[in-house]
Amino acid sequence: MIKKAKSSTLLSIFKRKGGEGEFTKIVNTKVYDKFSDMLSVTLRDDEKGLILCYLGFSKWTFLTNQRLFYKRDSIAGIIDNNNIKKVSLAIDDEFRFGVKDKKEFTRLLLKEKEGKNHLLLLESGEPFEGFYQVLHFISIQRNG
């Protein structure tokens, strides 16, 4: 049986392992109202926004208690949290862009159970680390 992490647990991990930044915020009514039109995301009745990294109109990542939405230039994706198999640092991409210090990393590679890969762009530093730890926790919960 798949374990379902509570929203409060995920937010606690985000705060403890990283935290908010200039572009990454824990979602509350004020944050959601400000960005909902730009995200063009429709939430389910029982879905709650948790963390938003908004780097611009065409670069954002939005985690809810059920799904992960992202936009990276012309690429957009929606991944069910239950389908997240593995999350790892996109080291090859970071090195290709000349980033060598982990504190400056902005890219995560997410792998779905069906094998499809997704590259996420995030805010560097504590927001990156917090987002990474939350997604890693979700993948562990889903995969035993």
# chains A, B, ... in the order shown; residues from 1 in each chain; ligands from 1
$ select_by_dssp --residues "chain A" --states "strand (DSSP E or B)" --output "number ranges by chain"
A: 24-26, 49-56, 59-64, 67-72, 75-80, 84-89, 107-112, 117-121
$ write_last_selection --atoms "N, CA and C atoms" --output "compact mmCIF listing (two decimals), in the first residue's frame"
# COMPACT_ATOMS: atom_id res chain seq x y z
N THR A 24 10.87 31.38 -3.89
CA THR A 24 10.26 30.13 -3.44
C THR A 24 9.51 30.39 -2.15
N LYS A 25 8.22 30.07 -2.16
CA LYS A 25 7.36 30.36 -1.02
C LYS A 25 6.48 29.17 -0.67
N ILE A 26 6.20 29.05 0.62
CA ILE A 26 5.17 28.13 1.07
C ILE A 26 3.84 28.75 0.65
N GLY A 49 -2.18 23.47 -2.51
CA GLY A 49 -0.85 23.94 -2.87
C GLY A 49 0.07 23.96 -1.67
N LEU A 50 1.33 23.54 -1.86
CA LEU A 50 2.27 23.49 -0.75
C LEU A 50 3.46 24.44 -0.94
N ILE A 51 4.19 24.27 -2.05
CA ILE A 51 5.40 25.06 -2.26
C ILE A 51 5.44 25.53 -3.72
N LEU A 52 5.76 26.78 -3.91
CA LEU A 52 5.86 27.36 -5.25
C LEU A 52 7.22 28.02 -5.43
N CYS A 53 7.90 27.64 -6.50
CA CYS A 53 9.12 28.33 -6.93
C CYS A 53 8.77 29.02 -8.24
N TYR A 54 8.66 30.33 -8.20
CA TYR A 54 8.26 31.11 -9.37
C TYR A 54 9.42 31.98 -9.82
N LEU A 55 10.14 31.51 -10.84
CA LEU A 55 11.29 32.24 -11.37
C LEU A 55 10.90 33.16 -12.52
N GLY A 56 9.67 33.03 -13.00
CA GLY A 56 9.16 33.83 -14.10
C GLY A 56 8.02 33.11 -14.79
N LYS A 59 9.13 29.83 -16.17
CA LYS A 59 10.03 29.02 -15.33
C LYS A 59 9.47 28.96 -13.91
N TRP A 60 8.76 27.88 -13.62
CA TRP A 60 8.22 27.70 -12.28
C TRP A 60 7.98 26.23 -11.97
N THR A 61 7.92 25.94 -10.67
CA THR A 61 7.64 24.60 -10.16
C THR A 61 6.67 24.77 -9.00
N PHE A 62 5.60 23.97 -9.01
CA PHE A 62 4.53 24.09 -8.03
C PHE A 62 4.19 22.70 -7.50
N LEU A 63 4.40 22.50 -6.20
CA LEU A 63 4.10 21.23 -5.56
C LEU A 63 2.82 21.34 -4.77
N THR A 64 1.93 20.36 -4.98
CA THR A 64 0.72 20.26 -4.17
C THR A 64 0.79 18.97 -3.36
N ARG A 67 0.17 16.51 -6.64
CA ARG A 67 0.88 16.55 -7.92
C ARG A 67 1.99 17.59 -7.90
N LEU A 68 2.87 17.44 -8.89
CA LEU A 68 3.92 18.42 -9.13
C LEU A 68 3.70 18.97 -10.53
N PHE A 69 3.60 20.29 -10.63
CA PHE A 69 3.44 20.98 -11.91
C PHE A 69 4.73 21.74 -12.16
N TYR A 70 5.14 21.82 -13.43
CA TYR A 70 6.31 22.65 -13.72
C TYR A 70 6.22 23.19 -15.13
N LYS A 71 6.94 24.29 -15.32
CA LYS A 71 7.10 24.86 -16.65
C LYS A 71 8.55 25.28 -16.76
N ARG A 72 9.16 24.89 -17.86
CA ARG A 72 10.56 25.23 -18.15
C ARG A 72 10.60 25.66 -19.60
N ILE A 75 8.54 23.75 -22.25
CA ILE A 75 8.21 22.42 -21.73
C ILE A 75 7.40 22.57 -20.45
N ALA A 76 6.28 21.85 -20.38
CA ALA A 76 5.45 21.86 -19.18
C ALA A 76 5.13 20.42 -18.81
N GLY A 77 4.93 20.18 -17.53
CA GLY A 77 4.62 18.83 -17.10
C GLY A 77 3.80 18.80 -15.83
N ILE A 78 3.10 17.70 -15.67
CA ILE A 78 2.33 17.42 -14.46
C ILE A 78 2.66 15.99 -14.07
N ILE A 79 3.09 15.80 -12.84
CA ILE A 79 3.46 14.48 -12.36
C ILE A 79 2.68 14.19 -11.08
N ASP A 80 2.00 13.08 -11.06
CA ASP A 80 1.31 12.66 -9.85
C ASP A 80 2.36 12.29 -8.81
N ILE A 84 6.28 9.51 -8.62
CA ILE A 84 7.68 9.94 -8.49
C ILE A 84 8.50 8.76 -7.98
N LYS A 85 9.41 8.30 -8.81
CA LYS A 85 10.23 7.14 -8.44
C LYS A 85 11.55 7.56 -7.81
N LYS A 86 12.20 8.56 -8.42
CA LYS A 86 13.53 8.95 -7.95
C LYS A 86 13.76 10.43 -8.22
N VAL A 87 14.45 11.06 -7.30
CA VAL A 87 14.85 12.46 -7.46
C VAL A 87 16.34 12.54 -7.23
N SER A 88 17.05 13.19 -8.16
CA SER A 88 18.49 13.30 -8.01
C SER A 88 18.96 14.66 -8.52
N LEU A 89 20.16 15.00 -8.11
CA LEU A 89 20.77 16.23 -8.60
C LEU A 89 21.09 16.05 -10.07
N ARG A 107 19.07 22.69 -10.55
CA ARG A 107 18.40 21.68 -11.38
C ARG A 107 18.28 20.34 -10.66
N LEU A 108 17.07 19.78 -10.71
CA LEU A 108 16.81 18.43 -10.20
C LEU A 108 16.31 17.56 -11.33
N LEU A 109 16.70 16.31 -11.31
CA LEU A 109 16.21 15.33 -12.27
C LEU A 109 15.23 14.42 -11.55
N LEU A 110 14.02 14.39 -12.04
CA LEU A 110 12.96 13.59 -11.45
C LEU A 110 12.62 12.45 -12.40
N LYS A 111 12.55 11.25 -11.90
CA LYS A 111 12.23 10.09 -12.73
C LYS A 111 10.90 9.50 -12.28
N GLU A 112 10.02 9.28 -13.27
CA GLU A 112 8.73 8.65 -12.99
C GLU A 112 8.86 7.14 -13.01
N ASN A 117 11.80 11.01 -17.63
CA ASN A 117 12.57 11.95 -16.83
C ASN A 117 12.05 13.38 -17.01
N HIS A 118 12.18 14.16 -15.96
CA HIS A 118 11.78 15.57 -15.97
C HIS A 118 12.90 16.38 -15.33
N LEU A 119 13.26 17.49 -15.95
CA LEU A 119 14.26 18.39 -15.39
C LEU A 119 13.53 19.58 -14.78
N LEU A 120 13.75 19.81 -13.49
CA LEU A 120 13.12 20.92 -12.79
C LEU A 120 14.14 22.02 -12.55
N LEU A 121 13.72 23.27 -12.69
CA LEU A 121 14.55 24.43 -12.37
C LEU A 121 14.02 25.06 -11.09
$ residues_around --residues "A:Phe137" --least-positions-apart "2" --cutoff "12 Å" --atoms "only C-alpha atoms" --output "ChimeraX atom specification"
/A:3-6,9-14,17,81-82,84-88,130-135,139-144
$ select_by_dssp --residues "chain A" --states "alpha helix (DSSP H)" --output "PyMOL selection string"
chain A and resi 7-17+29-39+91-96+126-143
$ write_last_selection --atoms "N, CA and C atoms" --output "CSV table (one decimal), in the first residue's frame"
chain,number,residue,atom,x,y,z
A,7,SER,N,0.5,16.9,4.3
A,7,SER,CA,1.0,18.2,3.9
A,7,SER,C,1.9,18.8,5.0
A,8,SER,N,1.4,18.7,6.2
A,8,SER,CA,2.2,19.3,7.3
A,8,SER,C,3.6,18.7,7.4
A,9,THR,N,3.7,17.4,7.2
A,9,THR,CA,5.0,16.7,7.2
A,9,THR,C,5.9,17.2,6.1
A,10,LEU,N,5.3,17.4,4.9
A,10,LEU,CA,6.1,17.9,3.8
A,10,LEU,C,6.6,19.3,4.0
A,11,LEU,N,5.8,20.1,4.5
A,11,LEU,CA,6.2,21.5,4.8
A,11,LEU,C,7.2,21.6,5.9
A,12,SER,N,7.1,20.7,6.9
A,12,SER,CA,8.0,20.6,8.0
A,12,SER,C,9.4,20.3,7.4
A,13,ILE,N,9.5,19.3,6.5
A,13,ILE,CA,10.7,18.9,5.9
A,13,ILE,C,11.3,20.1,5.1
A,14,PHE,N,10.5,20.8,4.4
A,14,PHE,CA,10.9,21.9,3.6
A,14,PHE,C,11.5,23.0,4.5
A,15,LYS,N,10.9,23.3,5.6
A,15,LYS,CA,11.4,24.3,6.5
A,15,LYS,C,12.7,23.9,7.2
A,16,ARG,N,12.7,22.6,7.6
A,16,ARG,CA,13.9,22.1,8.4
A,16,ARG,C,15.1,21.9,7.5
A,17,LYS,N,14.9,21.4,6.3
A,17,LYS,CA,16.0,21.1,5.4
A,17,LYS,C,16.4,22.2,4.5
A,29,THR,N,-3.0,31.4,1.0
A,29,THR,CA,-4.0,32.1,0.2
A,29,THR,C,-3.5,33.3,-0.5
A,30,LYS,N,-2.7,34.1,0.1
A,30,LYS,CA,-2.1,35.3,-0.5
A,30,LYS,C,-1.1,34.9,-1.6
A,31,VAL,N,-0.3,33.9,-1.4
A,31,VAL,CA,0.7,33.5,-2.5
A,31,VAL,C,-0.1,32.9,-3.6
A,32,TYR,N,-1.1,32.0,-3.3
A,32,TYR,CA,-1.8,31.3,-4.4
A,32,TYR,C,-2.6,32.4,-5.2
A,33,ASP,N,-3.3,33.3,-4.6
A,33,ASP,CA,-4.1,34.3,-5.3
A,33,ASP,C,-3.2,35.2,-6.2
A,34,LYS,N,-2.0,35.5,-5.7
A,34,LYS,CA,-1.0,36.3,-6.5
A,34,LYS,C,-0.6,35.6,-7.8
A,35,PHE,N,-0.4,34.2,-7.7
A,35,PHE,CA,0.2,33.5,-8.8
A,35,PHE,C,-0.7,32.6,-9.6
A,36,SER,N,-1.9,32.3,-9.1
A,36,SER,CA,-2.8,31.3,-9.7
A,36,SER,C,-3.1,31.6,-11.2
A,37,ASP,N,-3.3,32.8,-11.6
A,37,ASP,CA,-3.6,33.1,-13.0
A,37,ASP,C,-2.4,32.8,-13.9
A,38,MET,N,-1.2,33.1,-13.4
A,38,MET,CA,0.0,32.9,-14.1
A,38,MET,C,0.4,31.4,-14.3
A,39,LEU,N,0.0,30.6,-13.3
A,39,LEU,CA,0.3,29.2,-13.3
A,39,LEU,C,-0.6,28.4,-14.3
A,91,ILE,N,23.5,16.7,-12.0
A,91,ILE,CA,24.9,17.1,-12.0
A,91,ILE,C,25.5,17.4,-13.4
A,92,ASP,N,25.2,16.6,-14.3
A,92,ASP,CA,25.7,16.8,-15.7
A,92,ASP,C,25.2,18.1,-16.2
A,93,ASP,N,24.0,18.5,-16.0
A,93,ASP,CA,23.4,19.7,-16.5
A,93,ASP,C,24.1,20.9,-15.7
A,94,GLU,N,24.2,20.8,-14.4
A,94,GLU,CA,24.9,21.8,-13.7
A,94,GLU,C,26.3,22.1,-14.2
A,95,PHE,N,27.1,21.0,-14.4
A,95,PHE,CA,28.4,21.2,-14.9
A,95,PHE,C,28.5,21.8,-16.2
A,96,ARG,N,27.5,21.4,-17.1
A,96,ARG,CA,27.5,21.9,-18.5
A,96,ARG,C,27.3,23.4,-18.4
A,126,GLU,N,19.0,27.4,0.0
A,126,GLU,CA,18.1,26.8,0.9
A,126,GLU,C,16.8,26.3,0.2
A,127,PRO,N,16.2,27.2,-0.7
A,127,PRO,CA,15.0,26.7,-1.3
A,127,PRO,C,15.2,25.4,-2.2
A,128,PHE,N,16.3,25.4,-2.9
A,128,PHE,CA,16.7,24.2,-3.7
A,128,PHE,C,16.8,23.0,-2.8
A,129,GLU,N,17.5,23.1,-1.7
A,129,GLU,CA,17.8,22.0,-0.8
A,129,GLU,C,16.5,21.5,-0.1
A,130,GLY,N,15.6,22.5,0.3
A,130,GLY,CA,14.3,22.1,0.9
A,130,GLY,C,13.4,21.4,-0.1
A,131,PHE,N,13.3,21.9,-1.3
A,131,PHE,CA,12.5,21.3,-2.4
A,131,PHE,C,13.0,19.9,-2.7
A,132,TYR,N,14.3,19.7,-2.8
A,132,TYR,CA,15.0,18.4,-3.1
A,132,TYR,C,14.6,17.4,-2.0
A,133,GLN,N,14.7,17.8,-0.7
A,133,GLN,CA,14.5,16.9,0.4
A,133,GLN,C,13.0,16.5,0.4
A,134,VAL,N,12.1,17.4,0.1
A,134,VAL,CA,10.6,17.1,0.1
A,134,VAL,C,10.4,16.1,-1.0
A,135,LEU,N,10.9,16.3,-2.2
A,135,LEU,CA,10.6,15.4,-3.3
A,135,LEU,C,11.3,14.1,-3.1
A,136,HIS,N,12.4,14.1,-2.5
A,136,HIS,CA,13.1,12.8,-2.1
A,136,HIS,C,12.2,12.0,-1.1
A,137,PHE,N,11.7,12.7,-0.1
A,137,PHE,CA,10.8,12.1,0.9
A,137,PHE,C,9.6,11.5,0.2
A,138,ILE,N,9.0,12.2,-0.7
A,138,ILE,CA,7.8,11.7,-1.4
A,138,ILE,C,8.2,10.4,-2.2
A,139,SER,N,9.4,10.4,-2.8
A,139,SER,CA,9.7,9.3,-3.6
A,139,SER,C,10.0,8.1,-2.7
A,140,ILE,N,10.5,8.3,-1.5
A,140,ILE,CA,10.8,7.2,-0.6
A,140,ILE,C,9.4,6.7,-0.1
A,141,GLN,N,8.5,7.6,0.2
A,141,GLN,CA,7.2,7.2,0.7
A,141,GLN,C,6.4,6.3,-0.3
A,142,ARG,N,6.6,6.6,-1.6
A,142,ARG,CA,5.9,5.9,-2.7
A,142,ARG,C,6.6,4.6,-3.0
A,143,ASN,N,7.9,4.5,-2.7
A,143,ASN,CA,8.6,3.3,-3.2
A,143,ASN,C,9.0,2.4,-2.1
